[in-house]
file structure17.txt (compact mmCIF, C-alpha atoms)
# COMPACT_ATOMS: atom_id res chain seq x y z
CA MET A 405 3.24 25.41 3.86
CA ARG A 406 1.06 23.89 1.12
CA GLY A 407 -1.09 20.80 1.52
CA VAL A 408 -3.48 18.83 -0.73
CA VAL A 409 -6.99 18.46 0.73
CA PHE A 410 -9.67 16.17 -0.72
CA LEU A 411 -13.05 17.95 -0.86
CA GLY A 412 -15.13 14.99 -2.09
CA ASP A 413 -16.90 14.45 -5.42
CA ARG A 414 -13.51 14.15 -7.15
CA GLU A 415 -12.46 17.64 -6.17
CA LEU A 416 -9.36 18.71 -4.27
CA GLU A 417 -7.67 21.91 -3.27
CA ILE A 418 -4.16 23.02 -2.39
CA GLN A 419 -4.52 24.94 0.86
CA ASN A 420 -2.09 26.90 3.02
CA PHE A 421 -1.22 25.69 6.53
CA ASP A 422 1.13 26.88 9.24
CA ASP A 423 4.54 25.23 9.14
CA PRO A 424 4.52 22.52 11.85
CA THR A 425 6.54 22.76 15.06
CA PRO A 426 7.40 19.46 16.79
CA GLU A 427 6.32 18.94 20.38
CA ALA A 428 7.74 16.37 22.81
CA GLY A 429 8.30 13.04 21.07
CA GLU A 430 7.66 14.50 17.62
CA VAL A 431 9.71 15.26 14.53
CA VAL A 432 9.08 17.32 11.42
CA VAL A 433 9.97 15.64 8.13
CA GLU A 434 10.62 17.74 5.04
CA MET A 435 8.82 15.86 2.29
CA LYS A 436 10.81 14.67 -0.71
CA ALA A 437 8.33 12.15 -2.17
CA SER A 438 4.69 11.38 -1.40
CA GLY A 439 3.10 8.45 -3.21
CA MET A 440 -0.45 8.14 -4.51
CA CYS A 441 -2.25 5.02 -3.26
CA GLY A 442 -5.41 3.37 -4.55
CA SER A 443 -7.03 3.78 -1.14
CA ASP A 444 -6.70 7.57 -1.56
CA LEU A 445 -9.42 7.29 -4.19
CA LYS A 446 -11.97 6.45 -1.48
CA PHE A 447 -11.53 9.96 -0.07
CA TYR A 448 -11.20 11.58 -3.50
CA ARG A 449 -14.46 10.04 -4.76
CA ALA A 450 -16.54 10.35 -1.58
CA PRO A 451 -19.65 12.57 -1.64
CA ALA A 452 -18.87 16.09 -0.52
CA ASP A 453 -22.22 16.79 1.13
CA GLY A 454 -21.73 14.35 4.00
CA GLY A 455 -18.91 16.25 5.73
CA THR A 456 -15.75 14.57 6.95
CA ALA A 457 -17.62 11.39 7.88
CA SER A 458 -18.57 10.77 4.24
CA LEU A 459 -14.90 11.07 3.33
CA GLY A 460 -14.11 8.24 5.74
CA LEU A 461 -12.34 10.63 8.08
CA GLY A 462 -14.65 10.30 11.08
CA ASP A 463 -15.00 13.26 13.41
CA VAL A 464 -12.02 15.49 12.66
CA ASP A 465 -11.54 19.22 13.07
CA GLY A 466 -10.84 21.16 9.91
CA PRO A 467 -9.30 20.06 6.61
CA VAL A 468 -6.90 17.11 6.57
CA ILE A 469 -3.86 16.95 4.29
CA ALA A 470 -3.92 13.81 2.12
CA GLY A 471 -1.18 11.30 1.40
CA HIS A 472 -0.15 8.30 3.49
CA GLU A 473 3.09 7.35 1.72
CA PRO A 474 5.50 9.97 3.11
CA CYS A 475 9.24 9.93 2.59
CA GLY A 476 11.77 12.68 3.22
CA VAL A 477 14.43 14.14 5.48
CA VAL A 478 14.23 14.94 9.20
CA ALA A 479 14.04 18.74 9.39
CA ALA A 480 13.38 19.38 13.10
CA MET A 481 13.15 17.37 16.31
CA GLY A 482 11.22 18.06 19.47
CA PRO A 483 12.28 17.13 23.00
CA GLU A 484 12.31 13.47 24.10
CA THR A 485 13.15 12.07 20.68
CA GLY A 486 16.78 11.04 21.20
CA GLU A 487 15.94 7.44 22.16
CA PHE A 488 14.77 6.71 18.62
CA GLY A 489 18.21 7.22 17.09
CA PHE A 490 17.41 9.79 14.41
CA LYS A 491 18.93 13.20 13.81
CA VAL A 492 18.26 16.21 11.58
CA GLY A 493 19.20 15.37 8.00
CA ASP A 494 18.43 11.65 8.20
CA ARG A 495 16.59 10.08 5.26
CA VAL A 496 13.38 8.49 6.54
CA MET A 497 10.10 6.83 5.69
CA VAL A 498 7.04 7.11 7.92
CA HIS A 499 5.00 4.21 9.30
CA HIS A 500 1.78 6.12 8.85
CA TYR A 501 -0.12 5.06 11.99
CA LYS A 502 -0.12 6.18 15.59
CA GLY A 503 -1.69 4.17 18.43
CA CYS A 504 -1.57 4.49 22.20
CA GLY A 505 2.12 3.52 22.21
CA GLN A 506 1.72 1.21 25.23
CA CYS A 507 -0.45 -1.77 24.28
CA GLU A 508 0.75 -5.17 23.06
CA HIS A 509 0.21 -4.21 19.42
CA CYS A 510 1.94 -0.82 19.58
CA ASP A 511 4.79 -2.43 21.50
CA VAL A 512 5.70 -4.67 18.54
CA GLY A 513 5.20 -2.05 15.82
CA TRP A 514 1.62 -2.92 14.84
CA SER A 515 0.16 0.41 15.96
CA GLN A 516 -2.65 0.19 13.38
CA LEU A 517 -4.09 -2.68 15.45
CA CYS A 518 -4.25 -0.58 18.63
CA GLN A 519 -7.64 -1.09 20.25
CA SER A 520 -7.57 2.33 21.91
CA GLY A 521 -7.98 4.09 18.57
CA ILE A 522 -5.47 5.22 15.98
CA LYS A 523 -4.42 8.17 13.90
CA VAL A 524 -3.80 7.49 10.22
CA TYR A 525 -1.53 10.09 8.66
CA GLY A 526 -3.10 11.22 5.40
CA ALA A 527 -6.60 10.20 6.52
CA THR A 528 -7.43 11.30 10.05
CA SER A 529 -4.33 13.45 10.59
CA HIS A 530 -2.19 15.54 8.25
CA GLY A 531 -0.35 13.45 5.68
CA GLY A 532 2.45 13.66 3.17
CA HIS A 533 0.99 15.62 0.23
CA ALA A 534 2.58 18.72 1.71
CA ASP A 535 5.89 20.49 2.20
CA TYR A 536 6.26 19.06 5.71
CA ILE A 537 4.71 16.42 7.95
CA ASN A 538 4.78 16.37 11.76
CA VAL A 539 4.79 12.83 13.21
CA PRO A 540 5.91 10.95 16.33
CA ALA A 541 9.58 9.96 16.21
CA SER A 542 8.38 6.41 16.91
CA THR A 543 6.87 6.24 13.40
CA LEU A 544 10.14 6.86 11.57
CA VAL A 545 11.82 4.09 9.58
CA ALA A 546 15.31 4.60 8.16
CA LEU A 547 15.55 4.81 4.38
CA PRO A 548 18.63 2.92 3.14
CA ASP A 549 21.07 5.10 1.20
CA ALA A 550 20.74 2.81 -1.83
CA LEU A 551 17.04 3.64 -2.21
CA SER A 552 15.47 6.74 -3.75
CA PHE A 553 12.87 8.81 -1.95
CA GLU A 554 10.35 7.55 -4.53
CA THR A 555 11.05 3.94 -3.58
CA GLY A 556 10.77 4.89 0.09
CA ALA A 557 7.33 6.39 -0.58
CA ALA A 558 6.18 3.18 -2.28
CA ILE A 559 7.46 1.02 0.57
CA SER A 560 5.58 3.27 3.02
CA CYS A 561 2.31 1.70 1.87
CA GLY A 562 1.71 -0.17 -1.41
CA THR A 563 4.99 -2.03 -1.81
CA GLY A 564 5.24 -2.64 1.93
CA THR A 565 1.70 -4.03 1.92
CA ALA A 566 2.57 -6.46 -0.88
CA PHE A 567 5.73 -7.56 0.93
CA GLY A 568 3.80 -8.13 4.15
CA ALA A 569 1.20 -10.28 2.38
CA LEU A 570 3.81 -12.44 0.64
CA ARG A 571 5.59 -12.93 3.95
CA ARG A 572 2.28 -13.84 5.61
CA MET A 573 1.76 -16.59 3.02
CA ASN A 574 5.33 -17.87 3.43
CA LEU A 575 5.96 -17.59 -0.30
CA SER A 576 8.98 -19.51 -1.60
CA GLY A 577 10.65 -20.29 -4.90
CA ARG A 578 8.75 -23.58 -5.00
CA ASP A 579 5.39 -21.82 -5.36
CA THR A 580 3.14 -20.72 -8.18
CA ILE A 581 1.17 -17.65 -7.11
CA ALA A 582 -1.79 -15.95 -8.78
CA ILE A 583 -2.01 -12.21 -8.10
CA PHE A 584 -5.40 -10.66 -8.78
CA GLY A 585 -5.36 -6.95 -9.59
CA GLN A 586 -2.27 -5.28 -11.03
CA GLY A 587 -2.65 -1.85 -9.56
CA PRO A 588 0.24 -0.45 -7.50
CA VAL A 589 -0.06 -3.12 -4.77
CA GLY A 590 -0.53 -5.98 -7.21
CA LEU A 591 2.36 -4.85 -9.39
CA SER A 592 4.54 -4.61 -6.29
CA ALA A 593 3.51 -8.14 -5.33
CA THR A 594 4.34 -9.36 -8.83
CA GLN A 595 7.76 -7.71 -8.71
CA LEU A 596 8.58 -8.95 -5.21
CA ALA A 597 7.24 -12.50 -5.71
CA SER A 598 9.32 -12.80 -8.87
CA ALA A 599 12.39 -11.64 -6.92
CA MET A 600 11.62 -14.30 -4.31
CA GLY A 601 11.82 -16.94 -7.03
CA ALA A 602 8.13 -17.80 -7.37
CA ARG A 603 6.30 -18.44 -10.63
CA VAL A 604 3.85 -15.53 -10.95
CA ILE A 605 0.52 -15.46 -12.79
CA ALA A 606 -0.87 -11.91 -13.02
CA LEU A 607 -4.57 -11.19 -13.47
CA ASP A 608 -6.21 -7.88 -14.40
CA ILE A 609 -8.85 -6.61 -16.81
CA GLY A 610 -6.60 -3.82 -18.10
CA LYS A 611 -4.19 -4.53 -20.96
CA GLU A 612 -1.83 -1.74 -19.86
CA ARG A 613 -1.50 -3.19 -16.38
CA LEU A 614 -1.04 -6.74 -17.67
CA ASP A 615 1.74 -5.48 -19.94
CA MET A 616 3.37 -3.84 -16.92
CA ALA A 617 3.01 -7.06 -14.94
CA LYS A 618 4.93 -8.97 -17.61
CA ASP A 619 7.65 -6.34 -17.47
CA PHE A 620 7.71 -6.74 -13.67
CA GLY A 621 8.39 -10.47 -13.89
CA ALA A 622 5.03 -12.20 -14.36
CA ASP A 623 5.40 -15.55 -16.11
CA ALA A 624 1.82 -15.49 -17.42
CA ALA A 625 -0.99 -12.97 -17.66
CA ILE A 626 -4.75 -13.54 -17.63
CA ASP A 627 -7.59 -11.12 -18.40
CA PRO A 628 -10.57 -12.35 -16.33
CA GLY A 629 -12.84 -10.17 -18.45
CA ALA A 630 -11.98 -12.21 -21.53
CA ASP A 631 -11.24 -15.66 -20.07
CA ASP A 632 -12.51 -17.87 -17.26
CA ALA A 633 -9.91 -17.10 -14.60
CA VAL A 634 -10.30 -20.34 -12.66
CA ALA A 635 -10.10 -22.51 -15.79
CA ALA A 636 -7.07 -20.55 -17.02
CA LEU A 637 -5.27 -21.00 -13.69
CA LYS A 638 -5.90 -24.74 -13.74
CA ASP A 639 -4.72 -24.97 -17.35
CA LEU A 640 -1.44 -23.40 -16.25
CA THR A 641 -1.03 -25.76 -13.27
CA HIS A 642 -1.78 -29.22 -14.73
CA GLY A 643 -5.37 -29.02 -13.50
CA LYS A 644 -4.44 -28.59 -9.83
CA GLY A 645 -4.72 -24.85 -9.24
CA VAL A 646 -2.10 -22.46 -7.89
CA ASP A 647 -0.29 -22.95 -4.59
CA LEU A 648 -1.05 -19.42 -3.45
CA ALA A 649 -3.42 -16.66 -4.51
CA LEU A 650 -3.33 -13.01 -3.50
CA ASP A 651 -6.27 -10.69 -4.11
CA CYS A 652 -5.25 -7.04 -4.36
CA SER A 653 -8.41 -5.88 -6.11
CA GLY A 654 -11.13 -6.03 -3.47
CA VAL A 655 -13.53 -7.22 -6.20
CA PRO A 656 -15.91 -10.02 -5.08
CA ALA A 657 -15.55 -12.00 -8.32
CA ALA A 658 -11.75 -11.84 -8.08
CA ARG A 659 -11.80 -13.03 -4.47
CA LEU A 660 -14.02 -15.97 -5.41
CA ALA A 661 -11.80 -16.86 -8.36
CA ALA A 662 -8.75 -16.69 -6.10
CA VAL A 663 -10.33 -19.23 -3.76
CA GLN A 664 -11.60 -21.51 -6.50
CA GLY A 665 -8.39 -21.32 -8.51
CA THR A 666 -6.20 -22.44 -5.60
CA ARG A 667 -5.22 -26.07 -5.16
CA VAL A 668 -5.97 -28.44 -2.29
CA TRP A 669 -3.90 -27.42 0.78
CA GLY A 670 -3.31 -24.03 -0.83
CA THR A 671 -3.40 -20.58 0.76
CA VAL A 672 -5.35 -17.48 -0.26
CA CYS A 673 -4.65 -14.00 1.08
CA PHE A 674 -7.00 -11.00 0.88
CA VAL A 675 -5.35 -7.57 0.74
CA GLY A 676 -7.79 -5.48 -1.32
CA GLU A 677 -10.01 -3.30 0.87
CA GLY A 678 -13.82 -3.11 0.89
CA ASP A 679 -16.76 -5.06 -0.53
CA LYS A 680 -17.63 -8.70 0.20
CA VAL A 681 -17.30 -12.24 -1.06
CA THR A 682 -19.68 -15.21 -0.84
CA LEU A 683 -18.15 -18.68 -0.60
CA ASP A 684 -19.50 -22.20 -0.48
CA VAL A 685 -17.75 -23.24 2.73
CA SER A 686 -17.80 -26.96 1.99
CA SER A 687 -16.62 -27.10 -1.62
CA ASP A 688 -14.52 -23.92 -1.67
CA MET A 689 -12.81 -24.35 1.70
CA LEU A 690 -13.37 -27.42 3.86
CA ARG A 691 -12.94 -30.09 1.23
CA LYS A 692 -9.80 -28.42 -0.08
CA GLN A 693 -8.22 -27.92 3.36
CA LEU A 694 -7.80 -24.32 2.20
CA THR A 695 -6.17 -21.64 4.33
CA ILE A 696 -7.58 -18.12 3.93
CA VAL A 697 -5.75 -15.25 5.60
CA ALA A 698 -6.01 -11.48 5.62
CA SER A 699 -3.11 -9.05 5.58
CA TRP A 700 -3.44 -5.37 6.48
CA THR A 701 -0.38 -3.32 5.57
CA PHE A 702 2.70 -4.11 7.73
CA SER A 703 4.45 -3.44 11.01
CA ARG A 704 7.13 -0.80 11.50
CA SER A 705 9.80 -3.51 11.51
CA GLY A 706 8.17 -5.11 8.46
CA GLN A 707 8.56 -1.81 6.63
CA ALA A 708 12.25 -1.80 7.48
CA ASP A 709 12.57 -5.44 6.34
CA CYS A 710 10.96 -4.57 3.01
CA ALA A 711 13.36 -1.69 2.46
CA GLU A 712 16.33 -3.94 3.24
CA PHE A 713 15.03 -6.66 0.89
CA VAL A 714 14.58 -4.17 -1.95
CA ALA A 715 18.01 -2.59 -1.39
CA ASP A 716 19.90 -5.88 -1.10
CA ARG A 717 18.42 -7.23 -4.33
CA ASN A 718 18.49 -4.00 -6.33
CA ILE A 719 14.77 -4.28 -7.09
CA GLU A 720 13.65 -1.43 -9.34
CA VAL A 721 10.63 -0.31 -7.35
CA ASP A 722 10.83 3.11 -9.05
CA LYS A 723 9.45 1.41 -12.18
CA LEU A 724 6.06 1.44 -10.44
CA PHE A 725 5.88 5.17 -10.99
CA THR A 726 4.57 6.02 -14.42
CA GLN A 727 3.79 9.63 -13.52
CA ARG A 728 5.75 12.15 -11.44
CA TYR A 729 4.23 15.44 -10.39
CA LYS A 730 4.87 18.67 -8.54
CA LEU A 731 2.46 19.38 -5.71
CA ASP A 732 0.66 22.09 -7.67
CA GLN A 733 -0.27 19.46 -10.28
CA ALA A 734 -2.41 17.51 -7.79
CA GLU A 735 -5.68 18.06 -9.62
CA LYS A 736 -4.29 16.70 -12.88
CA ALA A 737 -2.58 13.85 -11.03
CA TYR A 738 -5.71 12.54 -9.34
CA LYS A 739 -7.89 12.88 -12.42
CA LEU A 740 -5.56 10.50 -14.23
CA PHE A 741 -5.05 8.19 -11.24
CA ASP A 742 -8.84 7.93 -10.89
CA THR A 743 -9.02 6.11 -14.25
CA GLN A 744 -7.08 3.19 -12.68
CA THR A 745 -5.42 2.38 -15.98
CA THR A 746 -1.88 3.53 -15.21
CA GLY A 747 0.90 2.65 -12.83
CA LYS A 748 1.57 4.68 -9.72
CA GLY A 749 1.87 8.45 -9.36
CA VAL A 750 4.14 10.33 -6.95
CA PHE A 751 4.59 13.93 -5.87
CA LEU A 752 8.22 15.04 -5.77
CA LEU A 753 9.03 18.01 -3.58
call {"tool": "encode", "arguments": {"input": "structure17.txt", "output": "structure tokens"}}
result
Amino acid sequence: MRGVVFLGDRELEIQNFDDPTPEAGEVVVEMKASGMCGSDLKFYRAPADGGTASLGLGDVDGPVIAGHEPCGVVAAMGPETGEFGFKVGDRVMVHHYKGCGQCEHCDVGWSQLCQSGIKVYGATSHGGHADYINVPASTLVALPDALSFETGAAISCGTGTAFGALRRMNLSGRDTIAIFGQGPVGLSATQLASAMGARVIALDIGKERLDMAKDFGADAAIDPGADDAVAALKDLTHGKGVDLALDCSGVPAARLAAVQGTRVWGTVCFVGEGDKVTLDVSSDMLRKQLTIVASWTFSRSGQADCAEFVADRNIEVDKLFTQRYKLDQAEKAYKLFDTQTTGKGVFLL
């Protein structure tokens, strides 16, 4: 089978691998859609001369197939998989983490929090930019018939991450929320928050992404590169600040603006990976009774909840995808995605 491998220094290669055979507890999924996520760019851009460690892969043997938003059809099942309720031909997403399977976190579907160490499919173990993926049956999540494979791929990371963060903040239709960064996760958050009835203020420095945010339901759009984000948020909220703020950018200035643009008793959630932020604890937090939380992706059941929410409300998650590619177009796909000016890309197999 074919698989996309990041080589570092913005280079990749389509390599040949043996078709996988499932062992006990495992299934092989024939890929139908594999989404491109902003966090893939960390591996794509990493220096090539530092080996797998410089790619953020740790100590792994051999090349690793990229892609952690897999969605497809069960093609083969190994022994000891019957208890999970899937059969050959089922449409499935993959919760792209594997932990020990026995600890308190794994037991409730939060295998990425396993303290014994984890596999991340598409990072430390073969992922979805391939013809097939071999994963534990315990990672499978049913894809509702109403949803496309593309939507399932989005829910398998970016859209699911946005849904998990909004749930963590207890968003309601009473709230005004500022969403910093309108990449794939931020756009998903804008689309979902709008569907939940909230008033959404989208922030990004890219005109194309702000235009998309408006199309996805944002009630207002702010370019922090042209305007003072905090002042603009207060102007839109009678001087009080927003009820909730979600940072999907990972940019220090955006995180600070999210905190400072949120009202007294408000809540801020950090989703964007990497970098840092410096806060004045007294004025930015204590004297506002501010709640700051972090949200890292979602549980296996949270992924299923997101899929059900999207299906029940006919949310057009497919609109996230502005580019669709065949696997042999991976080089072109990532060169464009690296500009971070477009929506989301997906490989269709």
call {"tool": "closest_residue", "arguments": {"input": "structure17.txt", "among": "A:Met481, A:Val433, A:Met405, A:Ala569", "to": "Ala698 (chain A)", "atoms": "all atoms listed in the file"}}
result
A:Ala569
call {"tool": "atom_distance", "arguments": {"input": "structure17.txt", "atom1": "CA of Ser598 (chain A)", "atom2": "CA of Gly621 (chain A)"}}
result
5.6 Å
call {"tool": "closest_residue", "arguments": {"input": "structure17.txt", "among": "A:Ala541, A:Leu570, A:Thr746, A:Ala734", "to": "Gly505 (chain A)", "atoms": "only C-alpha atoms"}}
result
A:Ala541
call {"tool": "closest_residue", "arguments": {"input": "structure17.txt", "among": "A:Ala636, A:Val432, A:Ala437, A:Val524", "to": "Ile559 (chain A)", "atoms": "all atoms listed in the file"}}
result
A:Ala437
call {"tool": "closest_atom_pairs", "arguments": {"input": "structure17.txt", "of": "region 687-747 of chain A", "to": "region 513-522 of chain A", "cutoff": "7 Å", "atoms": "all atoms listed in the file", "output": "tab-separated table"}}
result
residue	atom	partner	partner_atom	distance
A:Ser703	CA	A:Trp514	CA	4.8
A:Arg704	CA	A:Gly513	CA	4.9
A:Ser705	CA	A:Gly513	CA	6.5
call {"tool": "closest_residue", "arguments": {"input": "structure17.txt", "among": "A:Asp535, A:Asp422, A:Asp688, A:Glu415", "to": "Leu731 (chain A)", "atoms": "all atoms listed in the file"}}
result
A:Asp535
call {"tool": "atom_distance", "arguments": {"input": "structure17.txt", "atom1": "CA of Glu430 (chain A)", "atom2": "CA of Ser542 (chain A)"}}
result
8.2 Å
call {"tool": "closest_residue", "arguments": {"input": "structure17.txt", "among": "A:Lys436, A:His499, A:His472, A:Arg572", "to": "Ser699 (chain A)", "atoms": "only C-alpha atoms"}}
result
A:Arg572
call {"tool": "closest_residue", "arguments": {"input": "structure17.txt", "among": "A:Gln733, A:Thr641, A:Thr726, A:Ser438", "to": "Glu612 (chain A)", "atoms": "all atoms listed in the file"}}
result
A:Thr726
call {"tool": "decode", "arguments": {"input": "structure17.txt", "residues": "region 411-441 of chain A", "atoms": "N, CA and C atoms", "output": "compact mmCIF listing (two decimals), in the first residue's frame"}}
result
# COMPACT_ATOMS: atom_id res chain seq x y z
N LEU A 411 9.35 14.05 5.66
CA LEU A 411 10.80 13.91 5.75
C LEU A 411 11.45 15.06 6.51
N GLY A 412 10.68 16.11 6.80
CA GLY A 412 11.24 17.31 7.42
C GLY A 412 11.62 18.33 6.37
N ASP A 413 11.84 19.59 6.83
CA ASP A 413 12.21 20.68 5.92
C ASP A 413 11.21 20.83 4.77
N ARG A 414 9.92 20.65 5.09
CA ARG A 414 8.83 20.82 4.13
C ARG A 414 8.93 19.87 2.93
N GLU A 415 9.44 18.69 3.20
CA GLU A 415 9.52 17.67 2.17
C GLU A 415 8.74 16.44 2.64
N LEU A 416 8.12 15.76 1.69
CA LEU A 416 7.43 14.51 2.00
C LEU A 416 7.62 13.54 0.85
N GLU A 417 7.23 12.31 1.09
CA GLU A 417 7.41 11.27 0.09
C GLU A 417 6.28 10.27 0.21
N ILE A 418 5.82 9.76 -0.92
CA ILE A 418 4.86 8.66 -0.90
C ILE A 418 5.66 7.37 -1.01
N GLN A 419 5.61 6.57 0.05
CA GLN A 419 6.38 5.34 0.11
C GLN A 419 5.47 4.13 0.06
N ASN A 420 6.05 2.98 -0.27
CA ASN A 420 5.30 1.73 -0.32
C ASN A 420 5.50 0.95 0.98
N PHE A 421 4.42 0.39 1.48
CA PHE A 421 4.42 -0.40 2.71
C PHE A 421 3.66 -1.69 2.45
N ASP A 422 3.94 -2.69 3.27
CA ASP A 422 3.15 -3.92 3.20
C ASP A 422 1.72 -3.64 3.65
N ASP A 423 0.76 -4.28 2.99
CA ASP A 423 -0.62 -4.17 3.45
C ASP A 423 -0.70 -4.73 4.87
N PRO A 424 -1.40 -4.04 5.78
CA PRO A 424 -1.45 -4.50 7.17
C PRO A 424 -2.34 -5.73 7.35
N THR A 425 -1.99 -6.54 8.33
CA THR A 425 -2.78 -7.70 8.74
C THR A 425 -3.13 -7.54 10.21
N PRO A 426 -4.40 -7.57 10.57
CA PRO A 426 -4.76 -7.32 11.98
C PRO A 426 -4.40 -8.49 12.88
N GLU A 427 -3.85 -8.17 14.04
CA GLU A 427 -3.60 -9.18 15.07
C GLU A 427 -4.76 -9.15 16.06
N ALA A 428 -4.62 -9.87 17.16
CA ALA A 428 -5.70 -9.94 18.16
C ALA A 428 -6.07 -8.55 18.64
N GLY A 429 -7.34 -8.24 18.64
CA GLY A 429 -7.84 -6.95 19.11
C GLY A 429 -7.75 -5.83 18.10
N GLU A 430 -7.25 -6.13 16.89
CA GLU A 430 -7.04 -5.09 15.89
C GLU A 430 -7.99 -5.23 14.70
N VAL A 431 -8.15 -4.12 13.99
CA VAL A 431 -8.91 -4.11 12.75
C VAL A 431 -8.13 -3.32 11.70
N VAL A 432 -8.35 -3.64 10.45
CA VAL A 432 -7.82 -2.85 9.34
C VAL A 432 -8.97 -2.05 8.75
N VAL A 433 -8.73 -0.74 8.61
CA VAL A 433 -9.73 0.15 8.02
C VAL A 433 -9.24 0.57 6.64
N GLU A 434 -10.07 0.36 5.63
CA GLU A 434 -9.77 0.88 4.30
C GLU A 434 -10.10 2.36 4.29
N MET A 435 -9.10 3.19 4.03
CA MET A 435 -9.30 4.63 4.12
C MET A 435 -10.18 5.15 2.99
N LYS A 436 -11.10 6.03 3.36
CA LYS A 436 -11.94 6.73 2.40
C LYS A 436 -11.65 8.23 2.41
N ALA A 437 -11.33 8.77 3.59
CA ALA A 437 -10.98 10.19 3.71
C ALA A 437 -9.98 10.35 4.84
N SER A 438 -8.97 11.18 4.61
CA SER A 438 -7.96 11.47 5.63
C SER A 438 -7.70 12.96 5.63
N GLY A 439 -8.10 13.63 6.70
CA GLY A 439 -8.01 15.08 6.77
C GLY A 439 -6.61 15.59 7.06
N MET A 440 -6.36 16.83 6.64
CA MET A 440 -5.12 17.54 6.93
C MET A 440 -5.38 18.47 8.11
N CYS A 441 -4.55 18.37 9.14
CA CYS A 441 -4.72 19.15 10.37
C CYS A 441 -3.55 20.11 10.53
